[in-house]
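**Q** Below you'll find model-v2.pdb; it's PDB, C-alpha atoms.
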ATOM      1  CA  MET A   1      18.715  -8.284  -3.962
ATOM      2  CA  SER A   2      17.748  -7.091  -7.391
ATOM      3  CA  SER A   3      18.475 -10.279  -9.344
ATOM      4  CA  GLU A   4      16.245 -13.321  -9.373
ATOM      5  CA  THR A   5      19.022 -15.586  -8.108
ATOM      6  CA  ASP A   6      19.317 -13.702  -4.837
ATOM      7  CA  CYS A   7      15.649 -12.931  -4.391
ATOM      8  CA  ALA A   8      13.931 -14.437  -1.352
ATOM      9  CA  LEU A   9      10.560 -14.327  -3.136
ATOM     10  CA  CYS A  10      11.947 -16.157  -6.171
ATOM     11  CA  LYS A  11      13.630 -18.843  -4.077
ATOM     12  CA  THR A  12      10.799 -19.447  -1.594
ATOM     13  CA  ASP A  13       7.046 -18.887  -1.244
ATOM     14  CA  GLY A  14       7.841 -16.198   1.336
ATOM     15  CA  GLY A  15       5.478 -17.597   3.967
ATOM     16  CA  ARG A  16       2.949 -20.383   4.416
ATOM     17  CA  LEU A  17       1.238 -20.889   1.077
ATOM     18  CA  ILE A  18      -2.539 -20.420   1.145
ATOM     19  CA  TRP A  19      -3.190 -20.462  -2.612
ATOM     20  CA  ARG A  20      -1.069 -20.372  -5.753
ATOM     21  CA  GLY A  21      -2.018 -19.554  -9.322
ATOM     22  CA  ALA A  22      -0.013 -19.047 -12.498
ATOM     23  CA  GLU A  23       0.528 -15.322 -11.905
ATOM     24  CA  PHE A  24       0.517 -14.824  -8.142
ATOM     25  CA  ARG A  25       0.153 -16.542  -4.817
ATOM     26  CA  LEU A  26      -1.348 -15.784  -1.420
ATOM     27  CA  ILE A  27       0.777 -16.472   1.630
ATOM     28  CA  TRP A  28       0.418 -16.061   5.393
ATOM     29  CA  ALA A  29       3.237 -13.858   6.630
ATOM     30  CA  ASP A  30       3.780 -15.376  10.118
ATOM     31  CA  ASP A  31       4.251 -12.063  11.962
ATOM     32  CA  ALA A  32       4.297 -12.667  15.733
ATOM     33  CA  LEU A  33       2.637  -9.353  16.641
ATOM     34  CA  LEU A  34       0.231  -9.172  13.680
ATOM     35  CA  PRO A  35      -1.179 -12.655  13.144
ATOM     36  CA  ALA A  36      -3.722 -11.663  10.460
ATOM     37  CA  PHE A  37      -0.996 -10.582   8.032
ATOM     38  CA  TYR A  38      -1.122 -11.999   4.500
ATOM     39  CA  ARG A  39       0.691 -11.179   1.267
ATOM     40  CA  VAL A  40      -0.253 -11.342  -2.385
ATOM     41  CA  VAL A  41       3.073 -12.144  -4.067
ATOM     42  CA  TRP A  42       3.482 -11.781  -7.820
ATOM     43  CA  ASN A  43       5.221 -14.934  -9.051
ATOM     44  CA  ALA A  44       7.449 -13.305 -11.699
ATOM     45  CA  HIS A  45      10.349 -11.162 -10.541
ATOM     46  CA  VAL A  46       9.137  -7.609 -11.176
ATOM     47  CA  ALA A  47       9.910  -4.747  -8.825
ATOM     48  CA  GLU A  48       7.116  -2.262  -9.260
ATOM     49  CA  PHE A  49       3.331  -2.380  -9.556
ATOM     50  CA  SER A  50       3.611  -0.364 -12.785
ATOM     51  CA  ASP A  51       5.885  -3.064 -14.257
ATOM     52  CA  LEU A  52       2.726  -5.126 -14.646
ATOM     53  CA  THR A  53       0.506  -4.789 -17.700
ATOM     54  CA  ALA A  54      -2.808  -3.020 -17.142
ATOM     55  CA  LEU A  55      -4.618  -6.367 -17.090
ATOM     56  CA  GLN A  56      -2.128  -7.839 -14.615
ATOM     57  CA  ARG A  57      -2.567  -4.797 -12.363
ATOM     58  CA  LEU A  58      -6.332  -5.333 -12.364
ATOM     59  CA  THR A  59      -5.921  -9.005 -11.480
ATOM     60  CA  CYS A  60      -3.369  -8.249  -8.778
ATOM     61  CA  LEU A  61      -5.500  -5.579  -7.126
ATOM     62  CA  ASP A  62      -8.591  -7.728  -7.442
ATOM     63  CA  ALA A  63      -6.718 -10.337  -5.387
ATOM     64  CA  VAL A  64      -5.631  -7.732  -2.829
ATOM     65  CA  ALA A  65      -9.195  -6.390  -2.557
ATOM     66  CA  LEU A  66     -10.592  -9.936  -2.230
ATOM     67  CA  ALA A  67      -8.172 -10.715   0.602
ATOM     68  CA  GLU A  68      -9.106  -7.433   2.279
ATOM     69  CA  GLN A  69     -12.815  -8.125   1.934
ATOM     70  CA  LEU A  70     -12.516 -11.647   3.349
ATOM     71  CA  LEU A  71     -10.442 -10.473   6.318
ATOM     72  CA  ARG A  72     -13.107  -7.865   7.053
ATOM     73  CA  GLU A  73     -15.900 -10.441   6.804
ATOM     74  CA  THR A  74     -14.212 -13.107   8.899
ATOM     75  CA  LEU A  75     -12.410 -10.999  11.516
ATOM     76  CA  ALA A  76     -14.072  -7.545  11.554
ATOM     77  CA  PRO A  77     -10.773  -5.765  12.228
ATOM     78  CA  ASP A  78     -10.628  -2.069  13.136
ATOM     79  CA  LYS A  79      -8.739  -1.322   9.904
ATOM     80  CA  ILE A  80      -7.072  -2.955   6.941
ATOM     81  CA  ASN A  81      -3.601  -1.824   5.885
ATOM     82  CA  LEU A  82      -2.439  -2.380   2.299
ATOM     83  CA  ALA A  83       1.083  -1.727   1.092
ATOM     84  CA  SER A  84       3.536  -2.498  -1.676
ATOM     85  CA  LEU A  85       6.954  -1.377  -0.448
ATOM     86  CA  GLY A  86       9.735  -3.758  -1.491
ATOM     87  CA  ASN A  87      12.743  -1.665  -0.498
ATOM     88  CA  VAL A  88      14.378  -4.726   1.084
ATOM     89  CA  VAL A  89      12.999  -7.359  -1.317
ATOM     90  CA  PRO A  90      12.293  -5.623  -4.651
ATOM     91  CA  HIS A  91       9.930  -8.326  -5.893
ATOM     92  CA  LEU A  92       6.310  -7.183  -6.126
ATOM     93  CA  HIS A  93       4.307  -8.217  -3.075
ATOM     94  CA  TRP A  94       1.276  -6.630  -1.464
ATOM     95  CA  HIS A  95       0.911  -6.652   2.293
ATOM     96  CA  VAL A  96      -2.682  -7.145   3.462
ATOM     97  CA  ILE A  97      -2.841  -6.667   7.216
ATOM     98  CA  ALA A  98      -5.822  -6.723   9.551
ATOM     99  CA  ARG A  99      -5.253  -4.210  12.333
ATOM    100  CA  TRP A 100      -6.808  -3.705  15.765
ATOM    101  CA  ARG A 101      -6.728  -0.954  18.349
ATOM    102  CA  TRP A 102      -5.184  -3.434  20.784
ATOM    103  CA  ASP A 103      -2.331  -4.464  18.477
ATOM    104  CA  ALA A 104       1.249  -3.585  19.374
ATOM    105  CA  TYR A 105       1.674  -1.001  16.589
ATOM    106  CA  TRP A 106      -1.723   0.739  16.567
ATOM    107  CA  PRO A 107      -2.259   3.403  15.295
ATOM    108  CA  GLN A 108       1.156   3.359  13.690
ATOM    109  CA  SER A 109       2.173   1.212  10.726
ATOM    110  CA  ALA A 110       3.313  -2.411  10.882
ATOM    111  CA  TRP A 111       6.825  -1.085  10.151
ATOM    112  CA  SER A 112       6.840   1.530  12.915
ATOM    113  CA  ALA A 113       8.168   1.116  16.447
ATOM    114  CA  ALA A 114       5.832  -0.885  18.692
ATOM    115  CA  GLN A 115       3.582   1.389  20.740
ATOM    116  CA  ARG A 116       2.850  -1.055  23.573
ATOM    117  CA  PRO A 117       3.612  -4.621  24.720
ATOM    118  CA  ALA A 118       1.910  -7.490  22.923
ATOM    119  CA  ASN A 119      -1.583  -8.340  24.148
ATOM    120  CA  GLU A 120      -1.020 -12.078  24.544
ATOM    121  CA  ALA A 121      -4.643 -12.940  25.296
ATOM    122  CA  MET A 122      -5.882 -11.198  22.156
ATOM    123  CA  LEU A 123      -3.084 -12.716  20.046
ATOM    124  CA  VAL A 124      -3.981 -16.231  21.231
ATOM    125  CA  SER A 125      -7.667 -15.665  20.583
ATOM    126  CA  LEU A 126      -7.030 -14.204  17.120
ATOM    127  CA  SER A 127      -4.559 -16.936  16.166
ATOM    128  CA  ALA A 128      -7.132 -19.594  17.052
ATOM    129  CA  ARG A 129      -9.420 -18.181  14.356
ATOM    130  CA  LEU A 130      -6.831 -18.183  11.577
ATOM    131  CA  PRO A 131      -7.255 -21.788  10.343
ATOM    132  CA  GLU A 132     -10.839 -20.905   9.436
ATOM    133  CA  VAL A 133      -9.717 -17.609   7.829
ATOM    134  CA  ASP A 134      -7.071 -19.464   5.804
ATOM    135  CA  ALA A 135      -9.719 -21.926   4.610
ATOM    136  CA  VAL A 136     -12.071 -19.093   3.595
ATOM    137  CA  LEU A 137      -9.253 -17.341   1.712
ATOM    138  CA  GLN A 138      -8.169 -20.546  -0.008
ATOM    139  CA  ARG A 139     -11.694 -21.387  -1.162
ATOM    140  CA  ALA A 140     -12.445 -17.865  -2.346
ATOM    141  CA  PHE A 141      -9.146 -17.500  -4.248
ATOM    142  CA  ALA A 142      -9.648 -20.885  -5.913
ATOM    143  CA  GLN A 143     -13.187 -19.892  -6.877
ATOM    144  CA  ARG A 144     -12.192 -16.485  -8.242
ATOM    145  CA  PHE A 145      -8.826 -17.271  -9.790
ATOM    146  CA  GLY A 146      -8.919 -21.025 -10.397
ATOM    147  CA  GLY A 147      -6.742 -23.870  -9.179
ATOM    148  CA  PRO A 148      -7.211 -26.267  -6.252
TER     149      PRO A 148
ATOM    150  CA  MET B   1     -11.836  10.388  13.671
ATOM    151  CA  SER B   2     -14.405   8.104  12.123
ATOM    152  CA  SER B   3     -17.069  10.711  11.350
ATOM    153  CA  GLU B   4     -16.924  13.093   8.438
ATOM    154  CA  THR B   5     -17.174  16.119  10.702
ATOM    155  CA  ASP B   6     -13.902  15.347  12.429
ATOM    156  CA  CYS B   7     -12.070  14.014   9.415
ATOM    157  CA  ALA B   8      -8.984  15.955   8.287
ATOM    158  CA  LEU B   9      -9.426  14.678   4.717
ATOM    159  CA  CYS B  10     -13.064  15.799   4.606
ATOM    160  CA  LYS B  11     -12.277  19.252   5.999
ATOM    161  CA  THR B  12      -9.121  19.966   3.952
ATOM    162  CA  ASP B  13      -7.382  18.783   0.783
ATOM    163  CA  GLY B  14      -4.749  17.153   3.012
ATOM    164  CA  GLY B  15      -1.790  18.722   1.190
ATOM    165  CA  ARG B  16      -1.055  20.969  -1.764
ATOM    166  CA  LEU B  17      -3.622  20.160  -4.439
ATOM    167  CA  ILE B  18      -2.144  18.974  -7.755
ATOM    168  CA  TRP B  19      -5.359  17.845  -9.429
ATOM    169  CA  ARG B  20      -8.966  17.284  -8.374
ATOM    170  CA  GLY B  21     -11.734  15.311 -10.041
ATOM    171  CA  ALA B  22     -15.247  14.357  -8.981
ATOM    172  CA  GLU B  23     -14.151  11.126  -7.278
ATOM    173  CA  PHE B  24     -10.606  11.713  -6.058
ATOM    174  CA  ARG B  25      -7.764  14.213  -5.902
ATOM    175  CA  LEU B  26      -3.976  14.144  -6.082
ATOM    176  CA  ILE B  27      -2.068  16.074  -3.446
ATOM    177  CA  TRP B  28       1.580  16.689  -2.586
ATOM    178  CA  ALA B  29       2.173  15.521   0.971
ATOM    179  CA  ASP B  30       4.871  18.019   2.050
ATOM    180  CA  ASP B  31       7.043  15.539   3.953
ATOM    181  CA  ALA B  32      10.362  17.174   4.914
ATOM    182  CA  LEU B  33      12.446  13.993   4.587
ATOM    183  CA  LEU B  34      10.612  12.502   1.579
ATOM    184  CA  PRO B  35       9.913  15.345  -0.851
ATOM    185  CA  ALA B  36       8.551  13.160  -3.665
ATOM    186  CA  PHE B  37       5.590  11.995  -1.577
ATOM    187  CA  TYR B  38       2.110  12.311  -3.111
ATOM    188  CA  ARG B  39      -1.316  10.999  -2.151
ATOM    189  CA  VAL B  40      -4.358   9.927  -4.115
ATOM    190  CA  VAL B  41      -7.214  10.869  -1.782
ATOM    191  CA  TRP B  42     -10.724   9.553  -2.377
ATOM    192  CA  ASN B  43     -13.104  12.513  -2.035
ATOM    193  CA  ALA B  44     -15.967  10.679  -0.303
ATOM    194  CA  HIS B  45     -15.481   9.580   3.295
ATOM    195  CA  VAL B  46     -14.933   5.828   2.998
ATOM    196  CA  ALA B  47     -12.484   3.952   5.190
ATOM    197  CA  GLU B  48     -11.420   0.933   3.215
ATOM    198  CA  PHE B  49     -10.393   0.216  -0.377
ATOM    199  CA  SER B  50     -13.034  -2.531  -0.488
ATOM    200  CA  ASP B  51     -15.713   0.036   0.416
ATOM    201  CA  LEU B  52     -15.376   1.245  -3.182
ATOM    202  CA  THR B  53     -17.329  -0.377  -5.988
ATOM    203  CA  ALA B  54     -15.295  -2.569  -8.353
ATOM    204  CA  LEU B  55     -15.287   0.231 -10.934
ATOM    205  CA  GLN B  56     -14.182   2.821  -8.372
ATOM    206  CA  ARG B  57     -11.363   0.507  -7.261
ATOM    207  CA  LEU B  58     -10.150   0.251 -10.859
ATOM    208  CA  THR B  59     -10.219   4.026 -11.259
ATOM    209  CA  CYS B  60      -8.486   4.603  -7.940
ATOM    210  CA  LEU B  61      -5.703   2.128  -8.646
ATOM    211  CA  ASP B  62      -5.339   3.431 -12.165
ATOM    212  CA  ALA B  63      -4.646   6.840 -10.605
ATOM    213  CA  VAL B  64      -2.155   5.341  -8.143
ATOM    214  CA  ALA B  65      -0.390   3.442 -10.950
ATOM    215  CA  LEU B  66      -0.313   6.575 -13.121
ATOM    216  CA  ALA B  67       1.277   8.606 -10.317
ATOM    217  CA  GLU B  68       3.801   5.801  -9.763
ATOM    218  CA  GLN B  69       4.639   5.616 -13.452
ATOM    219  CA  LEU B  70       5.124   9.381 -13.750
ATOM    220  CA  LEU B  71       7.346   9.529 -10.669
ATOM    221  CA  ARG B  72       9.463   6.753 -12.159
ATOM    222  CA  GLU B  73       9.712   8.529 -15.517
ATOM    223  CA  THR B  74      10.497  11.967 -14.119
ATOM    224  CA  LEU B  75      12.687  11.084 -11.129
ATOM    225  CA  ALA B  76      13.993   7.526 -11.681
ATOM    226  CA  PRO B  77      13.801   6.692  -7.953
ATOM    227  CA  ASP B  78      15.320   3.522  -6.516
ATOM    228  CA  LYS B  79      11.861   2.288  -5.497
ATOM    229  CA  ILE B  80       8.243   3.316  -5.298
ATOM    230  CA  ASN B  81       6.283   2.655  -2.119
ATOM    231  CA  LEU B  82       2.485   2.406  -2.243
ATOM    232  CA  ALA B  83       0.269   2.150   0.808
ATOM    233  CA  SER B  84      -3.271   2.596   2.040
ATOM    234  CA  LEU B  85      -3.122   2.559   5.841
ATOM    235  CA  GLY B  86      -5.527   5.058   7.398
ATOM    236  CA  ASN B  87      -5.250   3.971  11.037
ATOM    237  CA  VAL B  88      -4.985   7.606  12.131
ATOM    238  CA  VAL B  89      -7.224   9.120   9.437
ATOM    239  CA  PRO B  90      -9.693   6.412   8.325
ATOM    240  CA  HIS B  91     -10.541   8.143   5.041
ATOM    241  CA  LEU B  92      -9.260   6.292   1.987
ATOM    242  CA  HIS B  93      -5.956   7.716   0.738
ATOM    243  CA  TRP B  94      -3.118   6.071  -1.119
ATOM    244  CA  HIS B  95       0.451   7.081  -0.381
ATOM    245  CA  VAL B  96       2.680   7.155  -3.461
ATOM    246  CA  ILE B  97       6.264   7.728  -2.402
ATOM    247  CA  ALA B  98       9.450   7.837  -4.470
ATOM    248  CA  ARG B  99      12.293   6.376  -2.427
ATOM    249  CA  TRP B 100      16.073   6.555  -2.723
ATOM    250  CA  ARG B 101      18.959   4.720  -1.131
ATOM    251  CA  TRP B 102      20.147   8.046   0.291
ATOM    252  CA  ASP B 103      16.830   8.935   1.946
ATOM    253  CA  ALA B 104      16.582   9.082   5.730
ATOM    254  CA  TYR B 105      14.409   5.954   6.051
ATOM    255  CA  TRP B 106      15.903   3.645   3.419
ATOM    256  CA  PRO B 107      15.474   0.668   3.296
ATOM    257  CA  GLN B 108      12.782   0.927   5.958
ATOM    258  CA  SER B 109       9.293   2.334   5.432
ATOM    259  CA  ALA B 110       8.328   5.994   5.498
ATOM    260  CA  TRP B 111       6.676   5.253   8.871
ATOM    261  CA  SER B 112       9.723   3.577  10.421
ATOM    262  CA  ALA B 113      12.407   5.237  12.537
ATOM    263  CA  ALA B 114      14.881   7.272  10.466
ATOM    264  CA  GLN B 115      17.989   5.261   9.645
ATOM    265  CA  ARG B 116      20.350   8.211   9.115
ATOM    266  CA  PRO B 117      20.433  12.024   9.140
ATOM    267  CA  ALA B 118      18.816  13.876   6.261
ATOM    268  CA  ASN B 119      20.995  14.311   3.176
ATOM    269  CA  GLU B 120      20.409  18.039   2.742
ATOM    270  CA  ALA B 121      22.197  18.334  -0.595
ATOM    271  CA  MET B 122      20.101  15.577  -2.151
ATOM    272  CA  LEU B 123      16.900  16.954  -0.624
ATOM    273  CA  VAL B 124      17.579  20.415  -2.088
ATOM    274  CA  SER B 125      18.400  18.966  -5.499
ATOM    275  CA  LEU B 126      15.288  16.746  -5.501
ATOM    276  CA  SER B 127      13.024  19.542  -4.280
ATOM    277  CA  ALA B 128      14.198  21.769  -7.130
ATOM    278  CA  ARG B 129      12.802  19.228  -9.607
ATOM    279  CA  LEU B 130       9.371  18.971  -8.023
ATOM    280  CA  PRO B 131       7.644  21.905  -9.783
ATOM    281  CA  GLU B 132       8.248  20.110 -13.075
ATOM    282  CA  VAL B 133       7.045  16.794 -11.590
ATOM    283  CA  ASP B 134       3.898  18.476 -10.271
ATOM    284  CA  ALA B 135       3.235  19.922 -13.733
ATOM    285  CA  VAL B 136       3.693  16.518 -15.378
ATOM    286  CA  LEU B 137       1.344  14.910 -12.841
ATOM    287  CA  GLN B 138      -1.263  17.651 -13.248
ATOM    288  CA  ARG B 139      -1.249  17.395 -17.056
ATOM    289  CA  ALA B 140      -1.372  13.595 -17.089
ATOM    290  CA  PHE B 141      -4.181  13.394 -14.509
ATOM    291  CA  ALA B 142      -6.218  15.996 -16.406
ATOM    292  CA  GLN B 143      -5.658  14.086 -19.652
ATOM    293  CA  ARG B 144      -6.574  10.709 -18.173
ATOM    294  CA  PHE B 145      -9.329  11.661 -15.752
ATOM    295  CA  GLY B 146     -10.604  14.997 -17.069
ATOM    296  CA  GLY B 147     -10.804  18.442 -15.538
ATOM    297  CA  PRO B 148      -8.447  21.403 -15.756
TER     298      PRO B 148
END
Step by step, read the file and then write its structure as structure tokens.

**A**
Amino acid sequence: MSSETDCALCKTDGGRLIWRGAEFRLIWADDALLPAFYRVVWNAHVAEFSDLTALQRLTCLDAVALAEQLLRETLAPDKINLASLGNVVPHLHWHVIARWRWDAYWPQSAWSAAQRPANEAMLVSLSARLPEVDAVLQRAFAQRFGGP
Amino acid sequence: MSSETDCALCKTDGGRLIWRGAEFRLIWADDALLPAFYRVVWNAHVAEFSDLTALQRLTCLDAVALAEQLLRETLAPDKINLASLGNVVPHLHWHVIARWRWDAYWPQSAWSAAQRPANEAMLVSLSARLPEVDAVLQRAFAQRFGGP
């Protein structure tokens, strides 16, 4: 998992691409229980946040904060969760997850055991709003970081 | 949990204090299975990273990156995990966790189910190195961000 050849985030986008720039991309993670789950993926194969230069770290976290801000504005979730873990895929990627009190894992993490069955009605209603959220994210990333 | 009066991170340091400045503090989390677990806690009661000003976000992430870098230099862990979750305590705090292949949760998150029993020998050996790590963190935070 530690070489570029074997790395899932070197070989693929790692999810549905929302926006791509020279240094990083924004993807939708396609998590069945947490539909408003996006990732900022650094394009180059580096493992740790502190492998980036200071300027790259600023850019990367500016992207994470922008995604967070837009998810708050469009979806008004109960909480945002941010994380850079990478134990399984050691290629720098930031999880940006909108969380709700009704979601299957609340108040635990997205990587914890589910706390309750999925709320299908809420998942359907939330998923219906995601095309608009994706469009907002795409426009805002293009405006802030360039590209289409 | 959402008011300052009830907030554990307003009422207490939230762990053993390593360093404190006007805007944030660094604490040792005292996690039995993950001894090299620290937190950068924002002093003011804000819930989300994007509640900070742009300049505060830079400072906060600079502190997180510094803690990460120092844990890598002193302990050479297999991975660093960073996260701002706050579903239970919605007061901005960043988890900075050094992870090893032998730890109880590897390769899952610190909030997942344990994958194996604790490796007591490794935990004892790692814990013995923490006073030196704490001292390195304290000195570096004081140098970078001021204070004692």

**Q** Compute the chain A side of the contact with chain B at 9 Å, counting all atoms listed in the file, and hand it back as a PDB file with C-alpha atoms, in the frame of the given file.

**A**
ATOM      1  CA  ALA A  47       9.910  -4.747  -8.825  1.00  0.00           C
ATOM      2  CA  GLU A  48       7.116  -2.262  -9.260  1.00  0.00           C
ATOM      3  CA  PHE A  49       3.331  -2.380  -9.556  1.00  0.00           C
ATOM      4  CA  SER A  50       3.611  -0.364 -12.785  1.00  0.00           C
ATOM      5  CA  ASP A  51       5.885  -3.064 -14.257  1.00  0.00           C
ATOM      6  CA  ALA A  54      -2.808  -3.020 -17.142  1.00  0.00           C
ATOM      7  CA  ARG A  57      -2.567  -4.797 -12.363  1.00  0.00           C
ATOM      8  CA  LEU A  58      -6.332  -5.333 -12.364  1.00  0.00           C
ATOM      9  CA  LEU A  61      -5.500  -5.579  -7.126  1.00  0.00           C
ATOM     10  CA  ASP A  62      -8.591  -7.728  -7.442  1.00  0.00           C
ATOM     11  CA  ALA A  65      -9.195  -6.390  -2.557  1.00  0.00           C
ATOM     12  CA  LEU A  66     -10.592  -9.936  -2.230  1.00  0.00           C
ATOM     13  CA  GLU A  68      -9.106  -7.433   2.279  1.00  0.00           C
ATOM     14  CA  GLN A  69     -12.815  -8.125   1.934  1.00  0.00           C
ATOM     15  CA  ASP A  78     -10.628  -2.069  13.136  1.00  0.00           C
ATOM     16  CA  LYS A  79      -8.739  -1.322   9.904  1.00  0.00           C
ATOM     17  CA  ILE A  80      -7.072  -2.955   6.941  1.00  0.00           C
ATOM     18  CA  ASN A  81      -3.601  -1.824   5.885  1.00  0.00           C
ATOM     19  CA  LEU A  82      -2.439  -2.380   2.299  1.00  0.00           C
ATOM     20  CA  ALA A  83       1.083  -1.727   1.092  1.00  0.00           C
ATOM     21  CA  SER A  84       3.536  -2.498  -1.676  1.00  0.00           C
ATOM     22  CA  LEU A  85       6.954  -1.377  -0.448  1.00  0.00           C
ATOM     23  CA  GLY A  86       9.735  -3.758  -1.491  1.00  0.00           C
ATOM     24  CA  ASN A  87      12.743  -1.665  -0.498  1.00  0.00           C
ATOM     25  CA  VAL A  88      14.378  -4.726   1.084  1.00  0.00           C
ATOM     26  CA  PRO A  90      12.293  -5.623  -4.651  1.00  0.00           C
ATOM     27  CA  HIS A  95       0.911  -6.652   2.293  1.00  0.00           C
ATOM     28  CA  ARG A  99      -5.253  -4.210  12.333  1.00  0.00           C
ATOM     29  CA  ARG A 101      -6.728  -0.954  18.349  1.00  0.00           C
ATOM     30  CA  TRP A 106      -1.723   0.739  16.567  1.00  0.00           C
ATOM     31  CA  PRO A 107      -2.259   3.403  15.295  1.00  0.00           C
ATOM     32  CA  GLN A 108       1.156   3.359  13.690  1.00  0.00           C
ATOM     33  CA  SER A 109       2.173   1.212  10.726  1.00  0.00           C
ATOM     34  CA  ALA A 110       3.313  -2.411  10.882  1.00  0.00           C
ATOM     35  CA  TRP A 111       6.825  -1.085  10.151  1.00  0.00           C
ATOM     36  CA  SER A 112       6.840   1.530  12.915  1.00  0.00           C
ATOM     37  CA  ALA A 113       8.168   1.116  16.447  1.00  0.00           C
TER      38      ALA A 113
END

**Q** Can you pull out the residues contacting range 20-29 of chain B? Cut-off 10 Å, using all atoms listed in the file, and skip same-chain residues under 3 positions away; I want them as a PDB file with C-alpha atoms, keeping the file's coordinate frame.

**A**
ATOM      1  CA  ASP B  13      -7.382  18.783   0.783  1.00  0.00           C
ATOM      2  CA  GLY B  14      -4.749  17.153   3.012  1.00  0.00           C
ATOM      3  CA  GLY B  15      -1.790  18.722   1.190  1.00  0.00           C
ATOM      4  CA  ARG B  16      -1.055  20.969  -1.764  1.00  0.00           C
ATOM      5  CA  LEU B  17      -3.622  20.160  -4.439  1.00  0.00           C
ATOM      6  CA  ALA B  32      10.362  17.174   4.914  1.00  0.00           C
ATOM      7  CA  LEU B  34      10.612  12.502   1.579  1.00  0.00           C
ATOM      8  CA  PRO B  35       9.913  15.345  -0.851  1.00  0.00           C
ATOM      9  CA  ALA B  36       8.551  13.160  -3.665  1.00  0.00           C
ATOM     10  CA  PHE B  37       5.590  11.995  -1.577  1.00  0.00           C
ATOM     11  CA  TYR B  38       2.110  12.311  -3.111  1.00  0.00           C
ATOM     12  CA  ARG B  39      -1.316  10.999  -2.151  1.00  0.00           C
ATOM     13  CA  VAL B  40      -4.358   9.927  -4.115  1.00  0.00           C
ATOM     14  CA  VAL B  41      -7.214  10.869  -1.782  1.00  0.00           C
ATOM     15  CA  TRP B  42     -10.724   9.553  -2.377  1.00  0.00           C
ATOM     16  CA  ASN B  43     -13.104  12.513  -2.035  1.00  0.00           C
ATOM     17  CA  ALA B  44     -15.967  10.679  -0.303  1.00  0.00           C
ATOM     18  CA  GLN B  56     -14.182   2.821  -8.372  1.00  0.00           C
ATOM     19  CA  THR B  59     -10.219   4.026 -11.259  1.00  0.00           C
ATOM     20  CA  CYS B  60      -8.486   4.603  -7.940  1.00  0.00           C
ATOM     21  CA  ALA B  63      -4.646   6.840 -10.605  1.00  0.00           C
ATOM     22  CA  VAL B  64      -2.155   5.341  -8.143  1.00  0.00           C
ATOM     23  CA  ALA B  67       1.277   8.606 -10.317  1.00  0.00           C
ATOM     24  CA  LEU B  92      -9.260   6.292   1.987  1.00  0.00           C
ATOM     25  CA  HIS B  93      -5.956   7.716   0.738  1.00  0.00           C
ATOM     26  CA  TRP B  94      -3.118   6.071  -1.119  1.00  0.00           C
ATOM     27  CA  HIS B  95       0.451   7.081  -0.381  1.00  0.00           C
ATOM     28  CA  VAL B  96       2.680   7.155  -3.461  1.00  0.00           C
ATOM     29  CA  ILE B  97       6.264   7.728  -2.402  1.00  0.00           C
ATOM     30  CA  LEU B 130       9.371  18.971  -8.023  1.00  0.00           C
ATOM     31  CA  ASP B 134       3.898  18.476 -10.271  1.00  0.00           C
ATOM     32  CA  LEU B 137       1.344  14.910 -12.841  1.00  0.00           C
ATOM     33  CA  GLN B 138      -1.263  17.651 -13.248  1.00  0.00           C
ATOM     34  CA  PHE B 141      -4.181  13.394 -14.509  1.00  0.00           C
ATOM     35  CA  ALA B 142      -6.218  15.996 -16.406  1.00  0.00           C
ATOM     36  CA  PHE B 145      -9.329  11.661 -15.752  1.00  0.00           C
ATOM     37  CA  GLY B 146     -10.604  14.997 -17.069  1.00  0.00           C
ATOM     38  CA  GLY B 147     -10.804  18.442 -15.538  1.00  0.00           C
ATOM     39  CA  PRO B 148      -8.447  21.403 -15.756  1.00  0.00           C
TER      40      PRO B 148
END

**Q** Here is a test: counting only C-alpha atoms, which residue of A:Ala104, A:Ile18, A:Ala8, A:Leu55 is nearest to Pro131 in chain A?

**A**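 Once distances to Pro131 in chain A are computed over only C-alpha atoms, the minimum belongs to A:Ile18.
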
**Q** Calculate how many Å separate CA of Thr5 in chain B from CA of Ala98 in chain A, rounding to one decimal.

**A** 25.5 Å

**Q** Would you translate the PyMOL selection byres ((chain B and resi 123-125) around 9) into the concrete set of residues it matches in this file, as JSON, numbers by chain?

**A** {"B": [32, 33, 34, 35, 103, 118, 119, 120, 121, 122, 126, 127, 128, 129]}

**Q** Kindly list the centre and edge lengths in Å, rounded to one decimal, for the axis-aligned box that covers all listed atoms of range 75-90 of chain B plus 3 Å on each of its six sides, as AutoDock Vina command-line options.

**A**
--center_x 2.8 --center_y 6.6 --center_z 0.2 --size_x 31.0 --size_y 14.9 --size_z 29.8

**Q** Could you state the separation of CA of Ala76 in chain B and CA of Glu4 in chain A in Å, given to one decimal place?

**A**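 Value for the CA of Ala76 in chain B-CA of Glu4 in chain A distance: 21.1 Å.
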
**Q** Work out how far CA of Val133 in chain B is from CA of Leu71 in chain B, in Å to one decimal.

**A**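 Rounded to one decimal, the two atoms are 7.3 Å apart.
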
**Q** When distances are computed from all atoms listed in the file, which of B:Val136, B:Arg144, B:Thr53, B:Lys11 shows the smallest separation from Thr74 in chain B?

**A**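 Residue with the minimum atom-to-atom distance to Thr74 in chain B: B:Val136.
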
**Q** I'd like to know which of A:Trp102, A:Leu75, A:His91, A:Ala114 is closest to Glu132 in chain A, using only C-alpha atoms.

**A**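 Looking at the shortest contact to Glu132 in chain A, the residue is A:Leu75.
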